[in-house]
>>> print(open('protein-v9.pdb').read())   # PDB, C-alpha atoms, pLDDT in the B column
ATOM      1  CA  MET A   1      25.990  12.303   1.728  1.00 52.00           C
ATOM      2  CA  ALA A   2      23.676   9.612   3.128  1.00 58.00           C
ATOM      3  CA  THR A   3      20.152   9.352   1.803  1.00 72.00           C
ATOM      4  CA  ARG A   4      17.548  10.179   4.402  1.00 90.00           C
ATOM      5  CA  VAL A   5      14.250   8.286   4.354  1.00 94.00           C
ATOM      6  CA  SER A   6      11.394   9.480   6.546  1.00 95.00           C
ATOM      7  CA  VAL A   7       7.662   8.988   6.951  1.00 96.00           C
ATOM      8  CA  VAL A   8       5.271  11.888   7.503  1.00 97.00           C
ATOM      9  CA  ASP A   9       1.536  12.530   7.372  1.00 96.00           C
ATOM     10  CA  ALA A  10       0.371  12.767   3.759  1.00 95.00           C
ATOM     11  CA  THR A  11      -0.492  16.189   2.386  1.00 94.00           C
ATOM     12  CA  PRO A  12      -2.253  17.289  -0.811  1.00 93.00           C
ATOM     13  CA  LYS A  13       1.137  18.533  -2.063  1.00 95.00           C
ATOM     14  CA  HIS A  14       2.637  15.054  -1.578  1.00 96.00           C
ATOM     15  CA  ALA A  15      -0.316  13.486  -3.395  1.00 95.00           C
ATOM     16  CA  ALA A  16       0.053  15.881  -6.325  1.00 95.00           C
ATOM     17  CA  ARG A  17       3.766  15.062  -6.587  1.00 97.00           C
ATOM     18  CA  ILE A  18       3.197  11.292  -6.489  1.00 97.00           C
ATOM     19  CA  ALA A  19       0.495  11.643  -9.157  1.00 96.00           C
ATOM     20  CA  VAL A  20       3.061  13.058 -11.625  1.00 96.00           C
ATOM     21  CA  THR A  21       6.012  10.833 -10.646  1.00 97.00           C
ATOM     22  CA  MET A  22       4.170   7.521 -10.197  1.00 96.00           C
ATOM     23  CA  ARG A  23       5.730   4.369 -11.634  1.00 96.00           C
ATOM     24  CA  VAL A  24       4.405   3.320 -15.031  1.00 96.00           C
ATOM     25  CA  GLU A  25       3.411  -0.062 -13.515  1.00 96.00           C
ATOM     26  CA  GLU A  26       1.363   1.722 -10.833  1.00 96.00           C
ATOM     27  CA  ILE A  27      -0.499   3.713 -13.474  1.00 97.00           C
ATOM     28  CA  ARG A  28      -1.191   0.565 -15.500  1.00 97.00           C
ATOM     29  CA  GLU A  29      -2.487  -1.190 -12.370  1.00 97.00           C
ATOM     30  CA  LEU A  30      -4.726   1.772 -11.434  1.00 96.00           C
ATOM     31  CA  GLN A  31      -6.218   1.921 -14.897  1.00 96.00           C
ATOM     32  CA  ALA A  32      -6.906  -1.830 -14.994  1.00 97.00           C
ATOM     33  CA  ALA A  33      -8.459  -1.814 -11.518  1.00 96.00           C
ATOM     34  CA  SER A  34     -10.452   1.414 -11.562  1.00 95.00           C
ATOM     35  CA  GLY A  35      -9.959   3.258 -14.828  1.00 95.00           C
ATOM     36  CA  MET A  36      -8.713   6.255 -12.804  1.00 95.00           C
ATOM     37  CA  ALA A  37      -5.939   8.598 -13.826  1.00 95.00           C
ATOM     38  CA  PRO A  38      -3.138   9.049 -11.245  1.00 95.00           C
ATOM     39  CA  ASP A  39      -4.310  12.476 -10.048  1.00 94.00           C
ATOM     40  CA  ASP A  40      -7.862  11.216  -9.479  1.00 95.00           C
ATOM     41  CA  ALA A  41      -6.596   8.028  -7.824  1.00 94.00           C
ATOM     42  CA  VAL A  42      -4.472   9.808  -5.205  1.00 94.00           C
ATOM     43  CA  ILE A  43      -7.302  12.206  -4.357  1.00 93.00           C
ATOM     44  CA  PHE A  44      -9.750   9.308  -4.037  1.00 93.00           C
ATOM     45  CA  ALA A  45      -7.351   7.163  -1.976  1.00 93.00           C
ATOM     46  CA  ILE A  46      -6.759   9.941   0.540  1.00 93.00           C
ATOM     47  CA  ALA A  47     -10.480  10.813   0.713  1.00 93.00           C
ATOM     48  CA  VAL A  48     -11.571   7.261   1.613  1.00 94.00           C
ATOM     49  CA  SER A  49      -8.688   6.436   3.958  1.00 95.00           C
ATOM     50  CA  GLN A  50      -8.474   6.824   7.706  1.00 92.00           C
ATOM     51  CA  TYR A  51      -4.701   6.627   7.655  1.00 91.00           C
ATOM     52  CA  THR A  52      -2.456   8.174   4.991  1.00 96.00           C
ATOM     53  CA  ARG A  53       1.298   8.691   5.086  1.00 97.00           C
ATOM     54  CA  THR A  54       4.091   9.705   2.737  1.00 97.00           C
ATOM     55  CA  ILE A  55       7.549   8.175   2.453  1.00 97.00           C
ATOM     56  CA  LEU A  56      10.086  10.905   1.687  1.00 97.00           C
ATOM     57  CA  VAL A  57      13.525  10.335   0.187  1.00 96.00           C
ATOM     58  CA  ASP A  58      15.713  13.354   0.916  1.00 95.00           C
ATOM     59  CA  GLY A  59      12.540  15.387   1.383  1.00 95.00           C
ATOM     60  CA  GLU A  60      11.004  14.318  -1.943  1.00 96.00           C
ATOM     61  CA  PRO A  61       7.724  12.313  -1.908  1.00 97.00           C
ATOM     62  CA  ALA A  62       8.600   8.782  -3.029  1.00 97.00           C
ATOM     63  CA  ALA A  63       5.461   6.870  -2.017  1.00 97.00           C
ATOM     64  CA  LEU A  64       2.022   7.519  -0.643  1.00 97.00           C
ATOM     65  CA  PHE A  65       0.213   4.828   1.331  1.00 97.00           C
ATOM     66  CA  GLY A  66      -2.730   4.268   3.603  1.00 96.00           C
ATOM     67  CA  VAL A  67      -5.662   2.190   4.752  1.00 97.00           C
ATOM     68  CA  ALA A  68      -9.307   2.616   3.773  1.00 95.00           C
ATOM     69  CA  PRO A  69     -11.821   1.003   6.147  1.00 94.00           C
ATOM     70  CA  LEU A  70     -14.076  -1.750   4.814  1.00 91.00           C
ATOM     71  CA  PRO A  71     -16.997  -1.715   7.303  1.00 79.00           C
ATOM     72  CA  SER A  72     -18.911  -4.421   5.454  1.00 71.00           C
ATOM     73  CA  GLU A  73     -15.932  -6.700   5.998  1.00 63.00           C
ATOM     74  CA  GLU A  74     -15.729  -6.312   9.814  1.00 63.00           C
ATOM     75  CA  LYS A  75     -14.453  -9.416  11.558  1.00 64.00           C
ATOM     76  CA  GLU A  76     -14.848 -10.583  15.105  1.00 66.00           C
ATOM     77  CA  GLY A  77     -11.161  -9.807  15.684  1.00 73.00           C
ATOM     78  CA  GLY A  78     -11.489  -6.180  14.626  1.00 83.00           C
ATOM     79  CA  PRO A  79     -11.679  -3.904  11.595  1.00 90.00           C
ATOM     80  CA  VAL A  80     -10.714  -4.833   8.054  1.00 92.00           C
ATOM     81  CA  GLY A  81      -8.990  -2.325   5.811  1.00 94.00           C
ATOM     82  CA  SER A  82      -7.896  -1.971   2.224  1.00 95.00           C
ATOM     83  CA  VAL A  83      -4.183  -1.203   2.366  1.00 96.00           C
ATOM     84  CA  TRP A  84      -2.677   0.654  -0.598  1.00 97.00           C
ATOM     85  CA  LEU A  85       0.632   2.106  -1.756  1.00 96.00           C
ATOM     86  CA  LEU A  86       1.392   4.289  -4.757  1.00 97.00           C
ATOM     87  CA  ALA A  87       5.095   4.792  -5.482  1.00 96.00           C
ATOM     88  CA  SER A  88       7.518   6.600  -7.730  1.00 96.00           C
ATOM     89  CA  ASN A  89      10.828   5.194  -8.966  1.00 94.00           C
ATOM     90  CA  LEU A  90      12.544   7.015  -6.087  1.00 95.00           C
ATOM     91  CA  VAL A  91      11.854   3.997  -3.865  1.00 95.00           C
ATOM     92  CA  ASP A  92      14.132   1.924  -6.122  1.00 93.00           C
ATOM     93  CA  GLU A  93      17.053   4.174  -5.152  1.00 93.00           C
ATOM     94  CA  VAL A  94      16.713   3.164  -1.482  1.00 94.00           C
ATOM     95  CA  PRO A  95      15.459  -0.450  -1.520  1.00 93.00           C
ATOM     96  CA  ILE A  96      16.730  -1.459   1.923  1.00 93.00           C
ATOM     97  CA  GLU A  97      15.519   1.712   3.639  1.00 94.00           C
ATOM     98  CA  PHE A  98      12.194   1.522   1.794  1.00 95.00           C
ATOM     99  CA  THR A  99      11.669  -2.080   2.914  1.00 93.00           C
ATOM    100  CA  LYS A 100      12.545  -1.258   6.537  1.00 94.00           C
ATOM    101  CA  VAL A 101      10.152   1.693   6.589  1.00 95.00           C
ATOM    102  CA  CYS A 102       7.381  -0.390   5.009  1.00 95.00           C
ATOM    103  CA  LEU A 103       7.825  -3.192   7.552  1.00 95.00           C
ATOM    104  CA  LYS A 104       7.688  -0.704  10.427  1.00 95.00           C
ATOM    105  CA  GLU A 105       4.608   1.050   9.041  1.00 95.00           C
ATOM    106  CA  LEU A 106       2.859  -2.248   8.275  1.00 95.00           C
ATOM    107  CA  SER A 107       3.478  -3.350  11.857  1.00 92.00           C
ATOM    108  CA  ARG A 108       1.928  -0.095  13.048  1.00 92.00           C
ATOM    109  CA  MET A 109      -1.123  -0.528  10.799  1.00 94.00           C
ATOM    110  CA  ARG A 110      -1.636  -4.086  12.031  1.00 91.00           C
ATOM    111  CA  GLU A 111      -2.085  -2.731  15.570  1.00 90.00           C
ATOM    112  CA  ASP A 112      -5.255  -0.956  14.401  1.00 91.00           C
ATOM    113  CA  TRP A 113      -6.526  -3.336  11.717  1.00 92.00           C
ATOM    114  CA  ALA A 114      -7.315  -7.030  12.245  1.00 92.00           C
ATOM    115  CA  VAL A 115      -6.997  -7.748   8.519  1.00 93.00           C
ATOM    116  CA  LEU A 116      -5.467  -5.776   5.640  1.00 95.00           C
ATOM    117  CA  ILE A 117      -6.407  -6.736   2.095  1.00 96.00           C
ATOM    118  CA  ASN A 118      -6.161  -5.560  -1.502  1.00 97.00           C
ATOM    119  CA  PHE A 119      -5.403  -6.770  -5.048  1.00 98.00           C
ATOM    120  CA  ILE A 120      -2.190  -6.559  -7.105  1.00 98.00           C
ATOM    121  CA  ASP A 121      -2.104  -6.671 -10.895  1.00 98.00           C
ATOM    122  CA  ALA A 122      -0.582 -10.022 -11.925  1.00 98.00           C
ATOM    123  CA  ARG A 123       1.648  -8.164 -14.417  1.00 97.00           C
ATOM    124  CA  TYR A 124       3.228  -6.082 -11.637  1.00 97.00           C
ATOM    125  CA  GLU A 125       5.988  -8.445 -10.505  1.00 96.00           C
ATOM    126  CA  LYS A 126       7.821  -5.864  -8.377  1.00 95.00           C
ATOM    127  CA  ALA A 127       4.676  -5.206  -6.308  1.00 96.00           C
ATOM    128  CA  LEU A 128       4.041  -8.927  -5.901  1.00 97.00           C
ATOM    129  CA  ARG A 129       7.621  -9.450  -4.629  1.00 95.00           C
ATOM    130  CA  TRP A 130       7.121  -6.531  -2.230  1.00 94.00           C
ATOM    131  CA  ALA A 131       3.902  -8.109  -0.873  1.00 96.00           C
ATOM    132  CA  TYR A 132       5.723 -11.413  -0.237  1.00 95.00           C
ATOM    133  CA  TRP A 133       8.577  -9.594   1.539  1.00 91.00           C
ATOM    134  CA  MET A 134       6.068  -7.764   3.726  1.00 94.00           C
ATOM    135  CA  GLY A 135       4.479 -11.055   4.793  1.00 95.00           C
ATOM    136  CA  PHE A 136       1.227 -10.860   2.848  1.00 96.00           C
ATOM    137  CA  GLU A 137      -0.493 -14.027   1.746  1.00 96.00           C
ATOM    138  CA  VAL A 138      -0.579 -13.673  -2.043  1.00 97.00           C
ATOM    139  CA  ARG A 139      -3.363 -15.788  -3.520  1.00 98.00           C
ATOM    140  CA  ALA A 140      -3.869 -17.073  -7.053  1.00 98.00           C
ATOM    141  CA  PRO A 141      -5.006 -14.418  -9.525  1.00 98.00           C
ATOM    142  CA  ILE A 142      -8.662 -13.798 -10.256  1.00 98.00           C
ATOM    143  CA  PRO A 143     -10.416 -11.455 -12.714  1.00 98.00           C
ATOM    144  CA  TYR A 144     -10.680  -8.093 -10.951  1.00 97.00           C
ATOM    145  CA  GLY A 145     -11.478  -4.461 -11.515  1.00 96.00           C
ATOM    146  CA  ARG A 146     -12.789  -2.491 -14.398  1.00 95.00           C
ATOM    147  CA  ALA A 147     -10.722  -4.395 -16.977  1.00 95.00           C
ATOM    148  CA  GLN A 148     -11.320  -7.809 -15.335  1.00 97.00           C
ATOM    149  CA  LEU A 149      -7.630  -8.642 -15.722  1.00 98.00           C
ATOM    150  CA  PRO A 150      -5.872 -11.163 -13.455  1.00 98.00           C
ATOM    151  CA  PHE A 151      -5.129  -9.648 -10.034  1.00 98.00           C
ATOM    152  CA  HIS A 152      -3.732 -11.423  -6.982  1.00 98.00           C
ATOM    153  CA  PRO A 153      -5.739 -10.946  -3.773  1.00 98.00           C
ATOM    154  CA  ILE A 154      -3.369 -10.121  -0.918  1.00 97.00           C
ATOM    155  CA  ARG A 155      -4.105 -10.452   2.771  1.00 96.00           C
ATOM    156  CA  ILE A 156      -2.338 -10.115   6.086  1.00 95.00           C
ATOM    157  CA  GLU A 157      -3.897 -10.661   9.497  1.00 92.00           C
ATOM    158  CA  ARG A 158      -2.922  -9.212  12.831  1.00 84.00           C
ATOM    159  CA  THR A 159      -0.700 -11.647  14.658  1.00 68.00           C
ATOM    160  CA  LYS A 160      -1.998 -12.548  18.056  1.00 50.00           C
ATOM    161  CA  CYS A 161       0.744 -12.626  20.637  1.00 44.00           C
ATOM    162  CA  VAL A 162       0.492 -15.433  23.131  1.00 39.00           C
ATOM    163  CA  ASP A 163       2.029 -14.879  26.571  1.00 40.00           C
ATOM    164  CA  PRO A 164       4.213 -17.928  27.230  1.00 42.00           C
ATOM    165  CA  GLN A 165       3.760 -17.339  30.979  1.00 43.00           C
ATOM    166  CA  ALA A 166      -0.037 -17.642  30.766  1.00 38.00           C
TER     167      ALA A 166
END
>>> encode(input="protein-v9.pdb", output="structure tokens")
Amino acid sequence: MATRVSVVDATPKHAARIAVTMRVEEIRELQAASGMAPDDAVIFAIAVSQYTRTILVDGEPAALFGVAPLPSEEKEGGPVGSVWLLASNLVDEVPIEFTKVCLKELSRMREDWAVLINFIDARYEKALRWAYWMGFEVRAPIPYGRAQLPFHPIRIERTKCVDPQA
């Protein structure tokens, strides 16, 4: 039977499931950045975000993601948002489908956000590889978060399409 990957609006039930199935590396990153436990982090992320979605693998929540607006960071080209993703090990069972879904969703987010930014724990190699694959600019690590550990700033800007006929 083929694995089915889908994306739906995030629900509190999805958030609760991700909080208990989250990757160990995600938990370590959350604690270094904010000191939050997984259940508090998912509640907070959904509360501050304008856009939240869940990736399901065969109906099971595998990842929760979204964008929180950063009004103080507004640019001339449009709004700036803090993009985030919290995943379970289920995404590792469907790497190609997960990547395709993430690329599609990132493209959708970039329609509404001029710039998407965040920070990735330097110890979290899998997340750093994911950011590269998605097209993020991954900068040199800087001290960040509650623990002031090395985190890589990531950034992706909306691509302006130029009409070759113009």
>>> closest_residue(input="protein-v9.pdb", among="A:Ile27, A:Met36, A:Ile43, A:Val94", to="Asp58 of chain A", atoms="only C-alpha atoms")
A:Val94
>>> atom_distance(input="protein-v9.pdb", atom1="atom CA of Ile117 of chain A", atom2="atom CA of Asn89 of chain A")
23.7 Å
>>> residues_around(input="protein-v9.pdb", residues="segment 137-149 of chain A", least_positions_apart="4", cutoff="8 Å", atoms="all atoms listed in the file", output="PDB file with C-alpha atoms, in the frame of the given file")
ATOM      1  CA  GLN A  31      -6.218   1.921 -14.897  1.00 96.00           C
ATOM      2  CA  ALA A  32      -6.906  -1.830 -14.994  1.00 97.00           C
ATOM      3  CA  ALA A  33      -8.459  -1.814 -11.518  1.00 96.00           C
ATOM      4  CA  SER A  34     -10.452   1.414 -11.562  1.00 95.00           C
ATOM      5  CA  GLY A  35      -9.959   3.258 -14.828  1.00 95.00           C
ATOM      6  CA  ASP A 121      -2.104  -6.671 -10.895  1.00 98.00           C
ATOM      7  CA  ALA A 122      -0.582 -10.022 -11.925  1.00 98.00           C
ATOM      8  CA  LEU A 128       4.041  -8.927  -5.901  1.00 97.00           C
ATOM      9  CA  ALA A 131       3.902  -8.109  -0.873  1.00 96.00           C
ATOM     10  CA  TYR A 132       5.723 -11.413  -0.237  1.00 95.00           C
ATOM     11  CA  PRO A 153      -5.739 -10.946  -3.773  1.00 98.00           C
ATOM     12  CA  ILE A 154      -3.369 -10.121  -0.918  1.00 97.00           C
ATOM     13  CA  ARG A 155      -4.105 -10.452   2.771  1.00 96.00           C
ATOM     14  CA  ILE A 156      -2.338 -10.115   6.086  1.00 95.00           C
TER      15      ILE A 156
END
>>> atom_distance(input="protein-v9.pdb", atom1="atom CA of Leu56 of chain A", atom2="atom CA of Thr21 of chain A")
13.0 Å
>>> residues_near_point(input="protein-v9.pdb", point="(2.5, -4.6, 9.0)", cutoff="9 Å", atoms="all atoms listed in the file", output="ChimeraX atom specification")
/A:102-111,116,134-136,156-158
>>> write_last_selection(input="protein-v9.pdb", atoms="C-alpha atoms", output="PDB file, keeping the file's coordinate frame")
ATOM      1  CA  CYS A 102       7.381  -0.390   5.009  1.00 95.00           C
ATOM      2  CA  LEU A 103       7.825  -3.192   7.552  1.00 95.00           C
ATOM      3  CA  LYS A 104       7.688  -0.704  10.427  1.00 95.00           C
ATOM      4  CA  GLU A 105       4.608   1.050   9.041  1.00 95.00           C
ATOM      5  CA  LEU A 106       2.859  -2.248   8.275  1.00 95.00           C
ATOM      6  CA  SER A 107       3.478  -3.350  11.857  1.00 92.00           C
ATOM      7  CA  ARG A 108       1.928  -0.095  13.048  1.00 92.00           C
ATOM      8  CA  MET A 109      -1.123  -0.528  10.799  1.00 94.00           C
ATOM      9  CA  ARG A 110      -1.636  -4.086  12.031  1.00 91.00           C
ATOM     10  CA  GLU A 111      -2.085  -2.731  15.570  1.00 90.00           C
ATOM     11  CA  LEU A 116      -5.467  -5.776   5.640  1.00 95.00           C
ATOM     12  CA  MET A 134       6.068  -7.764   3.726  1.00 94.00           C
ATOM     13  CA  GLY A 135       4.479 -11.055   4.793  1.00 95.00           C
ATOM     14  CA  PHE A 136       1.227 -10.860   2.848  1.00 96.00           C
ATOM     15  CA  ILE A 156      -2.338 -10.115   6.086  1.00 95.00           C
ATOM     16  CA  GLU A 157      -3.897 -10.661   9.497  1.00 92.00           C
ATOM     17  CA  ARG A 158      -2.922  -9.212  12.831  1.00 84.00           C
TER      18      ARG A 158
END
>>> closest_atom_pairs(input="protein-v9.pdb", of="segment 53-149 of chain A", to="segment 44-47 of chain A", cutoff="10 Å", atoms="only C-alpha atoms", output="tab-separated table")
residue	atom	partner	partner_atom	distance
A:Arg53	CA	A:Ile46	CA	9.3
A:Leu64	CA	A:Ile46	CA	9.2
A:Phe65	CA	A:Ala45	CA	8.6
A:Gly66	CA	A:Ile46	CA	7.6
A:Val67	CA	A:Ala45	CA	8.5
A:Ala68	CA	A:Ala45	CA	7.6
A:Val83	CA	A:Ala45	CA	9.9
A:Trp84	CA	A:Ala45	CA	8.1
A:Leu85	CA	A:Ala45	CA	9.5
A:Leu86	CA	A:Ala45	CA	9.6
>>> resolve_selection(input="protein-v9.pdb", expression="the PyMOL selection byres ((chain A and resi 87) around 6)", output="list in words")
Met22, Ala62, Ala63, Leu86 and Ser88 of chain A
>>> closest_residue(input="protein-v9.pdb", among="A:Val20, A:Pro38, A:Ser72, A:Val91", to="Arg4 of chain A", atoms="all atoms listed in the file")
A:Val91
>>> resolve_selection(input="protein-v9.pdb", expression="the PyMOL selection byres ((chain A and resi 95) around 12)", output="ChimeraX atom specification")
/A:3,5,57,62,89-94,96-102,126,130,133
>>> atom_distance(input="protein-v9.pdb", atom1="atom CA of Gly59 of chain A", atom2="atom CA of Ala19 of chain A")
16.4 Å
>>> closest_residue(input="protein-v9.pdb", among="A:Leu30, A:Ala37, A:Val42, A:Val80", to="Phe151 of chain A", atoms="all atoms listed in the file")
A:Leu30
>>> closest_residue(input="protein-v9.pdb", among="A:Ala114, A:Val24, A:Ile18, A:Leu70", to="Asp40 of chain A", atoms="only C-alpha atoms")
A:Ile18
>>> closest_residue(input="protein-v9.pdb", among="A:Glu26, A:Arg123, A:Val115, A:Ser6", to="Gly78 of chain A", atoms="all atoms listed in the file")
A:Val115
>>> closest_residue(input="protein-v9.pdb", among="A:Ile55, A:Arg23, A:Glu29, A:Pro61", to="Phe119 of chain A", atoms="all atoms listed in the file")
A:Glu29
>>> decode(input="protein-v9.pdb", residues="segment 17-69 of chain A", atoms="C-alpha atoms", output="PDB file, in the first residue's frame")
ATOM      1  CA  ARG A  17       0.379  14.692  18.831  1.00  0.00           C
ATOM      2  CA  ILE A  18       3.489  16.439  17.482  1.00  0.00           C
ATOM      3  CA  ALA A  19       4.387  17.545  21.020  1.00  0.00           C
ATOM      4  CA  VAL A  20       4.662  13.890  22.134  1.00  0.00           C
ATOM      5  CA  THR A  21       6.256  12.490  18.954  1.00  0.00           C
ATOM      6  CA  MET A  22       8.701  15.318  18.188  1.00  0.00           C
ATOM      7  CA  ARG A  23      12.244  14.422  17.148  1.00  0.00           C
ATOM      8  CA  VAL A  24      14.813  14.508  19.938  1.00  0.00           C
ATOM      9  CA  GLU A  25      16.822  17.070  17.907  1.00  0.00           C
ATOM     10  CA  GLU A  26      13.755  19.334  17.697  1.00  0.00           C
ATOM     11  CA  ILE A  27      13.307  19.203  21.464  1.00  0.00           C
ATOM     12  CA  ARG A  28      16.990  19.988  22.028  1.00  0.00           C
ATOM     13  CA  GLU A  29      16.751  22.938  19.621  1.00  0.00           C
ATOM     14  CA  LEU A  30      13.583  24.272  21.306  1.00  0.00           C
ATOM     15  CA  GLN A  31      15.157  24.086  24.732  1.00  0.00           C
ATOM     16  CA  ALA A  32      18.343  25.849  23.597  1.00  0.00           C
ATOM     17  CA  ALA A  33      16.401  28.586  21.801  1.00  0.00           C
ATOM     18  CA  SER A  34      13.536  29.225  24.205  1.00  0.00           C
ATOM     19  CA  GLY A  35      13.712  26.875  27.165  1.00  0.00           C
ATOM     20  CA  MET A  36      10.198  25.666  26.254  1.00  0.00           C
ATOM     21  CA  ALA A  37       8.944  22.122  26.565  1.00  0.00           C
ATOM     22  CA  PRO A  38       7.417  20.636  23.376  1.00  0.00           C
ATOM     23  CA  ASP A  39       3.795  21.015  24.510  1.00  0.00           C
ATOM     24  CA  ASP A  40       4.309  24.688  25.390  1.00  0.00           C
ATOM     25  CA  ALA A  41       6.246  25.314  22.171  1.00  0.00           C
ATOM     26  CA  VAL A  42       3.520  23.991  19.856  1.00  0.00           C
ATOM     27  CA  ILE A  43       0.834  25.976  21.677  1.00  0.00           C
ATOM     28  CA  PHE A  44       2.950  29.136  21.493  1.00  0.00           C
ATOM     29  CA  ALA A  45       3.870  28.622  17.819  1.00  0.00           C
ATOM     30  CA  ILE A  46       0.239  28.242  16.786  1.00  0.00           C
ATOM     31  CA  ALA A  47      -0.863  31.207  18.938  1.00  0.00           C
ATOM     32  CA  VAL A  48       1.605  33.656  17.348  1.00  0.00           C
ATOM     33  CA  SER A  49       1.291  32.418  13.761  1.00  0.00           C
ATOM     34  CA  GLN A  50      -0.981  33.636  11.005  1.00  0.00           C
ATOM     35  CA  TYR A  51      -0.512  30.457   9.017  1.00  0.00           C
ATOM     36  CA  THR A  52      -0.271  26.955  10.499  1.00  0.00           C
ATOM     37  CA  ARG A  53      -0.486  23.621   8.708  1.00  0.00           C
ATOM     38  CA  THR A  54       0.084  19.950   9.450  1.00  0.00           C
ATOM     39  CA  ILE A  55       1.784  17.377   7.244  1.00  0.00           C
ATOM     40  CA  LEU A  56       0.049  14.015   7.647  1.00  0.00           C
ATOM     41  CA  VAL A  57       1.567  10.652   6.760  1.00  0.00           C
ATOM     42  CA  ASP A  58      -1.218   8.103   6.343  1.00  0.00           C
ATOM     43  CA  GLY A  59      -3.421  10.344   8.475  1.00  0.00           C
ATOM     44  CA  GLU A  60      -0.888  10.647  11.313  1.00  0.00           C
ATOM     45  CA  PRO A  61       0.559  14.110  12.142  1.00  0.00           C
ATOM     46  CA  ALA A  62       4.208  14.049  11.061  1.00  0.00           C
ATOM     47  CA  ALA A  63       5.075  17.761  11.124  1.00  0.00           C
ATOM     48  CA  LEU A  64       3.555  21.047  12.138  1.00  0.00           C
ATOM     49  CA  PHE A  65       4.678  24.268  10.472  1.00  0.00           C
ATOM     50  CA  GLY A  66       3.753  27.888  10.054  1.00  0.00           C
ATOM     51  CA  VAL A  67       4.704  31.533   9.839  1.00  0.00           C
ATOM     52  CA  ALA A  68       4.588  34.107  12.629  1.00  0.00           C
ATOM     53  CA  PRO A  69       4.535  37.744  11.475  1.00  0.00           C
TER      54      PRO A  69
END
